[in-house]
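> The structure that follows is given in the form of structure tokens.
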Amino acid sequence: MSHEVSRPENQGVGVLAELRDAISTRAVLIMLGVLLLQLGFALSYMGAFHAPKPHRIPMVVVAPEPVQKELVARLNALEGDPLHVSAVADVAQARARLLDRRADAALVVAAVGRTDALLIASAGGPSAGDAATKVLQVVDTAQGRKIVVRDIRPPAAGDSRGLSSFYLVLSWTIGGYLAASALNMAAGSKRPTLRRVLVRLAAMVPYAFVSGIGGAIIVGPVLNCLPGAFWDLVGIGTLVVFASGVVGVALQSLAGTIGLGLTILIFTILGNPSSGGVYPASLLPPFWRAIGQALPPGAGTTVVRNTVYFDGNATTGALWILGAWAFAGLAVAILSAALHGRRRPARAETAETTA
């Protein structure tokens with residue numbers, strides 16, 4: 001009686017076959033895409049935050065006329081351009097510049113004595129005011145003067161570092177594109193027909209509205225982070241979530257799984273560190289400074305923060321940015337589905353002719 005003996009080379013072939021069966025080429029490509037997103041996440045966040053450096057922080061100066069012009073020129077000539085200084089006539093104008101978000105700090109030079117006042121509005125994010133304070137302390141110390149910091153618009157008690165606006169918008173944007181991803185992965189969603197895409201886009205409207213209400217409740221009555229402006233926040237949240245969601249629908253209809261990666265790249269990897277939520281544009285490196293307010297996280301953070309703390313000043317441009325992303329997402333999603341729909345009959349006709 002003969003017995004078959006398994007050969008090592010056959011076992012090796014069997015292991016390779018098992019690996020190929022368990023990990024397909026598509027899975028390997030997806031893992032490679034995830035790795036690139038992971039490395040991009042690390043590069044973007046650490047590149048933006050690892051060494052914040054002031055660059056042209058907008059600031060105004062109120063000073064006695066004999067010294068005003070010379071002081072403005074001296075501050076604007078500091079090495080590295082940390083400040084962008086202009087003169088205003090009086091303290092009232094300086095306060096107005098801070099509250100309408102045209103300046104991050106206001107230096108009021110005393111006509112008598114050697115103690116000056118630096119006005120800031122830390123509800124807009126404390127980092128820019130802190131950076132301006134450090135720069136001016138060095139300058140004034142060299143001149144034998146002192147600075148007293150006065151915060152004319154601090155954040156709410158539950159928003160001690162002024163970051164609640166950023167985290168609220170972060171939750172809205174992530175929720176929007178994850179909802180779009182869930183719709184894309186639902187049963188029967190492999191073919192992005194025009195009808196299915198329209199249904200997905202329509203589904204984003206109630207989801208966005210409920211998300212806006214939920215976020216406004218959390219930061220308002222529940223945590224008291226951003227009190228007041230409840231319905232304003234609901235409207236802003238609806239727009240942010242809808243813009244994020246329809247862009248997610250559009251990119252996934254256009255490119256499938258790759259579209260989800262592109263959505264994460266736009267909103268999370270690039271959008272969040274450049275948004276101005278943690279550090280304002282004046283403290284970010286040039287690349288992040290340039291893109292921040294053109295992306296939904298930056299625009300959303302600006303609208304929320306300025307609506308809650310600054311009576312809606314300097315929000316028009318950011319609202320237009322959010323609206324443009326929402327409109328672009330709708331247009332791309334519908335056009336992509338329509339083009340897919342036209343290609344299918346053409347392919348079917350070609351196959352029939354060939355047969």
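By convention here, the chains of the structure tokens are called A, B, ... in the order presented, each chain's residues are numbered starting at 1, and ligands are numbered starting at 1 in the order presented.
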For stretch 297-302 of chain A, list every protein, DNA or RNA residue within 10 Å, evaluated using only C-alpha atoms, and leave out those in the same chain fewer than 5 positions away; present the list as a PyMOL selection string.
chain A and resi 124+163-174+236-237+239-241+244+266-268+270-277+280-281+291-292+307+312-322
> Residues of the last selection are to be written out with N, CA and C atoms, as a compact mmCIF listing (two decimals), in the first residue's frame.

# COMPACT_ATOMS: atom_id res chain seq x y z
N GLY A 124 -12.30 85.20 19.47
CA GLY A 124 -11.95 84.85 18.10
C GLY A 124 -10.81 83.88 18.00
N LEU A 163 -12.23 77.09 21.38
CA LEU A 163 -12.11 76.02 20.39
C LEU A 163 -13.42 75.30 20.09
N SER A 164 -14.48 75.65 20.80
CA SER A 164 -15.74 74.93 20.61
C SER A 164 -16.27 75.08 19.18
N SER A 165 -16.09 76.25 18.58
CA SER A 165 -16.55 76.45 17.20
C SER A 165 -15.86 75.48 16.26
N PHE A 166 -14.56 75.32 16.43
CA PHE A 166 -13.78 74.41 15.59
C PHE A 166 -14.27 72.97 15.75
N TYR A 167 -14.43 72.52 16.99
CA TYR A 167 -14.84 71.12 17.21
C TYR A 167 -16.27 70.87 16.75
N LEU A 168 -17.12 71.87 16.88
CA LEU A 168 -18.49 71.72 16.40
C LEU A 168 -18.50 71.53 14.89
N VAL A 169 -17.77 72.37 14.16
CA VAL A 169 -17.71 72.25 12.70
C VAL A 169 -17.02 70.96 12.30
N LEU A 170 -16.01 70.54 13.06
CA LEU A 170 -15.34 69.26 12.79
C LEU A 170 -16.35 68.12 12.84
N SER A 171 -17.20 68.11 13.87
CA SER A 171 -18.19 67.04 13.98
C SER A 171 -19.20 67.10 12.84
N TRP A 172 -19.58 68.30 12.43
CA TRP A 172 -20.54 68.44 11.33
C TRP A 172 -19.96 67.95 10.00
N THR A 173 -18.73 68.33 9.71
CA THR A 173 -18.15 67.93 8.42
C THR A 173 -17.93 66.42 8.36
N ILE A 174 -17.40 65.85 9.44
CA ILE A 174 -17.19 64.40 9.45
C ILE A 174 -18.52 63.67 9.35
N ILE A 236 -26.47 77.24 10.22
CA ILE A 236 -25.08 77.05 9.81
C ILE A 236 -24.73 75.57 9.76
N GLY A 237 -25.16 74.84 10.79
CA GLY A 237 -24.87 73.40 10.81
C GLY A 237 -25.51 72.67 9.65
N LEU A 239 -26.14 73.86 6.70
CA LEU A 239 -25.36 74.16 5.49
C LEU A 239 -24.03 73.42 5.48
N VAL A 240 -23.33 73.39 6.61
CA VAL A 240 -22.02 72.71 6.68
C VAL A 240 -22.18 71.22 6.41
N VAL A 241 -23.14 70.58 7.08
CA VAL A 241 -23.33 69.13 6.91
C VAL A 241 -23.79 68.82 5.49
N SER A 244 -20.78 69.15 3.12
CA SER A 244 -19.90 68.00 3.29
C SER A 244 -20.52 66.74 2.71
N ILE A 266 -9.87 66.23 1.57
CA ILE A 266 -10.31 67.63 1.50
C ILE A 266 -10.75 68.14 2.87
N PHE A 267 -11.61 67.37 3.54
CA PHE A 267 -12.25 67.88 4.74
C PHE A 267 -11.42 67.68 6.00
N THR A 268 -10.75 66.55 6.13
CA THR A 268 -10.06 66.23 7.38
C THR A 268 -8.57 66.50 7.31
N LEU A 270 -6.66 68.15 4.93
CA LEU A 270 -6.30 69.52 4.56
C LEU A 270 -7.16 70.56 5.28
N GLY A 271 -8.45 70.30 5.40
CA GLY A 271 -9.38 71.32 5.89
C GLY A 271 -9.25 71.64 7.36
N ASN A 272 -9.08 70.62 8.21
CA ASN A 272 -9.09 70.87 9.65
C ASN A 272 -7.87 71.63 10.16
N PRO A 273 -6.64 71.21 9.84
CA PRO A 273 -5.51 71.98 10.38
C PRO A 273 -5.39 73.39 9.83
N SER A 274 -5.96 73.64 8.65
CA SER A 274 -5.86 74.97 8.04
C SER A 274 -7.06 75.85 8.36
N SER A 275 -8.00 75.36 9.16
CA SER A 275 -9.28 76.04 9.34
C SER A 275 -9.19 77.31 10.17
N GLY A 276 -8.13 77.48 10.96
CA GLY A 276 -8.05 78.61 11.87
C GLY A 276 -8.66 78.33 13.21
N GLY A 277 -9.12 77.09 13.42
CA GLY A 277 -9.73 76.74 14.70
C GLY A 277 -8.72 76.67 15.82
N PRO A 280 -4.82 80.64 14.08
CA PRO A 280 -5.35 81.46 12.97
C PRO A 280 -4.39 81.44 11.79
N ALA A 281 -4.85 81.96 10.67
CA ALA A 281 -4.03 81.96 9.45
C ALA A 281 -2.70 82.66 9.67
N ILE A 291 -4.95 77.99 1.92
CA ILE A 291 -6.12 77.18 1.59
C ILE A 291 -7.20 77.21 2.66
N GLY A 292 -6.88 77.65 3.86
CA GLY A 292 -7.78 77.47 5.00
C GLY A 292 -9.20 77.94 4.80
N THR A 307 -20.51 84.47 14.29
CA THR A 307 -21.94 84.61 14.57
C THR A 307 -22.20 84.63 16.06
N GLY A 312 -22.14 88.33 13.83
CA GLY A 312 -22.19 87.97 12.41
C GLY A 312 -21.26 88.76 11.51
N ASN A 313 -20.33 89.52 12.09
CA ASN A 313 -19.39 90.29 11.27
C ASN A 313 -18.44 89.36 10.51
N ALA A 314 -18.07 89.77 9.30
CA ALA A 314 -17.08 89.05 8.47
C ALA A 314 -17.48 87.59 8.23
N THR A 315 -18.77 87.36 7.94
CA THR A 315 -19.22 86.00 7.65
C THR A 315 -19.71 85.83 6.21
N THR A 316 -19.89 86.91 5.48
CA THR A 316 -20.47 86.82 4.14
C THR A 316 -19.62 85.96 3.21
N GLY A 317 -18.33 86.23 3.17
CA GLY A 317 -17.45 85.46 2.29
C GLY A 317 -17.44 83.98 2.63
N ALA A 318 -17.40 83.68 3.94
CA ALA A 318 -17.38 82.28 4.36
C ALA A 318 -18.69 81.57 4.00
N LEU A 319 -19.81 82.26 4.12
CA LEU A 319 -21.09 81.65 3.73
C LEU A 319 -21.12 81.37 2.22
N TRP A 320 -20.57 82.27 1.43
CA TRP A 320 -20.49 82.03 -0.01
C TRP A 320 -19.63 80.81 -0.32
N ILE A 321 -18.54 80.64 0.43
CA ILE A 321 -17.67 79.47 0.23
C ILE A 321 -18.45 78.19 0.50
N LEU A 322 -19.18 78.14 1.60
CA LEU A 322 -19.96 76.94 1.93
C LEU A 322 -21.03 76.68 0.87
> As a PyMOL selection string, which residues of stretch 18-180 of chain A does DSSP assign to helix (DSSP H, G or I)?
chain A and resi 18-22+25-49+65-76+91-99+122-124+126-142+164-180
> Please produce a file of the residues just selected, as a PDB file, in the first residue's frame, where the atoms kept are C-alpha atoms.

ATOM      1  CA  GLU A  18      -4.827  31.121   0.536  1.00  0.00           C
ATOM      2  CA  LEU A  19      -3.215  34.562   0.744  1.00  0.00           C
ATOM      3  CA  ARG A  20      -4.398  35.481  -2.733  1.00  0.00           C
ATOM      4  CA  ASP A  21      -7.883  34.315  -1.846  1.00  0.00           C
ATOM      5  CA  ALA A  22      -7.946  36.237   1.462  1.00  0.00           C
ATOM      6  CA  THR A  25      -5.404  42.995  -5.392  1.00  0.00           C
ATOM      7  CA  ARG A  26      -8.225  45.450  -4.738  1.00  0.00           C
ATOM      8  CA  ALA A  27      -7.756  45.027  -0.973  1.00  0.00           C
ATOM      9  CA  VAL A  28      -4.030  45.702  -1.301  1.00  0.00           C
ATOM     10  CA  LEU A  29      -4.724  48.880  -3.287  1.00  0.00           C
ATOM     11  CA  ILE A  30      -7.257  50.035  -0.699  1.00  0.00           C
ATOM     12  CA  MET A  31      -4.732  49.407   2.105  1.00  0.00           C
ATOM     13  CA  LEU A  32      -2.162  51.417   0.152  1.00  0.00           C
ATOM     14  CA  GLY A  33      -4.663  54.262  -0.168  1.00  0.00           C
ATOM     15  CA  VAL A  34      -5.342  54.138   3.598  1.00  0.00           C
ATOM     16  CA  LEU A  35      -1.602  54.238   4.274  1.00  0.00           C
ATOM     17  CA  LEU A  36      -1.234  57.333   2.095  1.00  0.00           C
ATOM     18  CA  LEU A  37      -4.137  59.022   3.914  1.00  0.00           C
ATOM     19  CA  GLN A  38      -2.570  58.127   7.264  1.00  0.00           C
ATOM     20  CA  LEU A  39       0.790  59.599   6.284  1.00  0.00           C
ATOM     21  CA  GLY A  40      -0.940  62.631   4.780  1.00  0.00           C
ATOM     22  CA  PHE A  41      -2.827  63.151   8.043  1.00  0.00           C
ATOM     23  CA  ALA A  42       0.412  63.133  10.037  1.00  0.00           C
ATOM     24  CA  LEU A  43       2.195  65.418   7.569  1.00  0.00           C
ATOM     25  CA  SER A  44      -0.660  67.929   7.346  1.00  0.00           C
ATOM     26  CA  TYR A  45      -1.359  68.274  11.072  1.00  0.00           C
ATOM     27  CA  MET A  46       2.259  68.314  12.209  1.00  0.00           C
ATOM     28  CA  GLY A  47       3.275  70.516   9.297  1.00  0.00           C
ATOM     29  CA  ALA A  48       0.629  73.058  10.273  1.00  0.00           C
ATOM     30  CA  PHE A  49       1.047  72.939  14.062  1.00  0.00           C
ATOM     31  CA  GLU A  65       0.303 112.021  16.789  1.00  0.00           C
ATOM     32  CA  PRO A  66       4.015 112.904  17.202  1.00  0.00           C
ATOM     33  CA  VAL A  67       4.991 109.217  17.633  1.00  0.00           C
ATOM     34  CA  GLN A  68       2.238 107.401  15.757  1.00  0.00           C
ATOM     35  CA  LYS A  69       3.757 107.339  12.277  1.00  0.00           C
ATOM     36  CA  GLU A  70       7.208 106.333  13.518  1.00  0.00           C
ATOM     37  CA  LEU A  71       5.756 103.585  15.732  1.00  0.00           C
ATOM     38  CA  VAL A  72       3.693 102.064  12.910  1.00  0.00           C
ATOM     39  CA  ALA A  73       6.728 102.041  10.618  1.00  0.00           C
ATOM     40  CA  ARG A  74       8.915 100.465  13.307  1.00  0.00           C
ATOM     41  CA  LEU A  75       6.427  97.686  14.081  1.00  0.00           C
ATOM     42  CA  ASN A  76       5.902  96.910  10.395  1.00  0.00           C
ATOM     43  CA  VAL A  91      -9.816 103.762  21.078  1.00  0.00           C
ATOM     44  CA  ALA A  92     -13.394 103.547  19.790  1.00  0.00           C
ATOM     45  CA  GLN A  93     -12.151 102.835  16.266  1.00  0.00           C
ATOM     46  CA  ALA A  94      -9.657 100.323  17.622  1.00  0.00           C
ATOM     47  CA  ARG A  95     -12.414  98.453  19.462  1.00  0.00           C
ATOM     48  CA  ALA A  96     -14.580  98.502  16.338  1.00  0.00           C
ATOM     49  CA  ARG A  97     -11.763  96.961  14.275  1.00  0.00           C
ATOM     50  CA  LEU A  98     -11.422  94.147  16.797  1.00  0.00           C
ATOM     51  CA  LEU A  99     -15.135  93.433  16.972  1.00  0.00           C
ATOM     52  CA  SER A 122      -9.856  86.175  22.608  1.00  0.00           C
ATOM     53  CA  ALA A 123     -13.284  84.791  21.658  1.00  0.00           C
ATOM     54  CA  GLY A 124     -11.951  84.853  18.100  1.00  0.00           C
ATOM     55  CA  PRO A 126      -6.564  83.329  21.748  1.00  0.00           C
ATOM     56  CA  SER A 127      -3.490  82.337  19.737  1.00  0.00           C
ATOM     57  CA  ALA A 128      -3.179  85.489  17.601  1.00  0.00           C
ATOM     58  CA  GLY A 129      -3.604  87.794  20.604  1.00  0.00           C
ATOM     59  CA  ASP A 130      -1.061  85.790  22.588  1.00  0.00           C
ATOM     60  CA  ALA A 131       1.440  85.942  19.733  1.00  0.00           C
ATOM     61  CA  ALA A 132       0.985  89.703  19.301  1.00  0.00           C
ATOM     62  CA  THR A 133       1.419  90.176  23.044  1.00  0.00           C
ATOM     63  CA  LYS A 134       4.737  88.310  23.048  1.00  0.00           C
ATOM     64  CA  VAL A 135       6.055  90.310  20.097  1.00  0.00           C
ATOM     65  CA  LEU A 136       5.079  93.647  21.640  1.00  0.00           C
ATOM     66  CA  GLN A 137       6.421  92.725  25.072  1.00  0.00           C
ATOM     67  CA  VAL A 138       9.848  92.241  23.543  1.00  0.00           C
ATOM     68  CA  VAL A 139       9.602  95.554  21.685  1.00  0.00           C
ATOM     69  CA  ASP A 140       8.273  97.537  24.649  1.00  0.00           C
ATOM     70  CA  THR A 141      10.775  96.029  27.068  1.00  0.00           C
ATOM     71  CA  ALA A 142      13.537  97.216  24.775  1.00  0.00           C
ATOM     72  CA  SER A 164     -15.743  74.927  20.611  1.00  0.00           C
ATOM     73  CA  SER A 165     -16.550  76.454  17.202  1.00  0.00           C
ATOM     74  CA  PHE A 166     -13.781  74.407  15.593  1.00  0.00           C
ATOM     75  CA  TYR A 167     -14.837  71.123  17.214  1.00  0.00           C
ATOM     76  CA  LEU A 168     -18.492  71.719  16.396  1.00  0.00           C
ATOM     77  CA  VAL A 169     -17.710  72.255  12.705  1.00  0.00           C
ATOM     78  CA  LEU A 170     -15.345  69.264  12.790  1.00  0.00           C
ATOM     79  CA  SER A 171     -18.194  67.036  13.984  1.00  0.00           C
ATOM     80  CA  TRP A 172     -20.542  68.435  11.333  1.00  0.00           C
ATOM     81  CA  THR A 173     -18.154  67.928   8.420  1.00  0.00           C
ATOM     82  CA  ILE A 174     -17.187  64.395   9.447  1.00  0.00           C
ATOM     83  CA  GLY A 175     -20.835  63.507  10.019  1.00  0.00           C
ATOM     84  CA  GLY A 176     -21.779  64.809   6.578  1.00  0.00           C
ATOM     85  CA  TYR A 177     -19.313  62.767   4.564  1.00  0.00           C
ATOM     86  CA  LEU A 178     -19.760  59.661   6.733  1.00  0.00           C
ATOM     87  CA  ALA A 179     -23.499  59.833   6.068  1.00  0.00           C
ATOM     88  CA  ALA A 180     -22.748  60.039   2.345  1.00  0.00           C
TER      89      ALA A 180
END
> Name the residues in contact with A:Arg114 at a cut-off of 10 Å, using only C-alpha atoms, excluding same-chain residues fewer than 4 positions from it; report them as a list in words.
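Returned residues: Val109, Ala110, Asp140, Gln143, Gly144, Arg145, Lys146 and Ile147 of chain A.
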> Go through stretch 63-156 of chain A and collect every residue that DSSP, computed from the backbone, puts in strand (DSSP E); the answer should be as a VMD selection string.
chain A and resid 83 to 87 105 to 108 115 to 120 146 to 151
> Mind writing the picked residues with C-alpha atoms as a JSON list (two decimals), in the first residue's frame?

[["chain", "number", "residue", "atom", "x", "y", "z"],
["A", 83, "LEU", "CA", 2.76, 92.20, 12.54],
["A", 84, "HIS", "CA", 0.73, 94.10, 9.95],
["A", 85, "VAL", "CA", 0.05, 97.41, 11.65],
["A", 86, "SER", "CA", -2.13, 100.36, 10.70],
["A", 87, "ALA", "CA", -3.08, 103.49, 12.66],
["A", 105, "ALA", "CA", -5.03, 93.19, 18.46],
["A", 106, "ALA", "CA", -5.02, 96.93, 19.18],
["A", 107, "LEU", "CA", -2.15, 98.74, 20.86],
["A", 108, "VAL", "CA", -3.14, 101.90, 22.77],
["A", 115, "THR", "CA", 2.35, 101.67, 30.49],
["A", 116, "ASP", "CA", 0.47, 100.88, 27.26],
["A", 117, "ALA", "CA", -2.70, 98.81, 26.77],
["A", 118, "LEU", "CA", -3.09, 95.94, 24.32],
["A", 119, "LEU", "CA", -6.72, 95.21, 23.47],
["A", 120, "ILE", "CA", -7.59, 91.69, 22.26],
["A", 146, "LYS", "CA", 5.17, 97.93, 29.82],
["A", 147, "ILE", "CA", 1.99, 96.40, 28.37],
["A", 148, "VAL", "CA", -1.28, 95.62, 30.11],
["A", 149, "VAL", "CA", -3.53, 93.20, 28.18],
["A", 150, "ARG", "CA", -7.29, 93.85, 28.18],
["A", 151, "ASP", "CA", -9.65, 91.28, 26.70]]
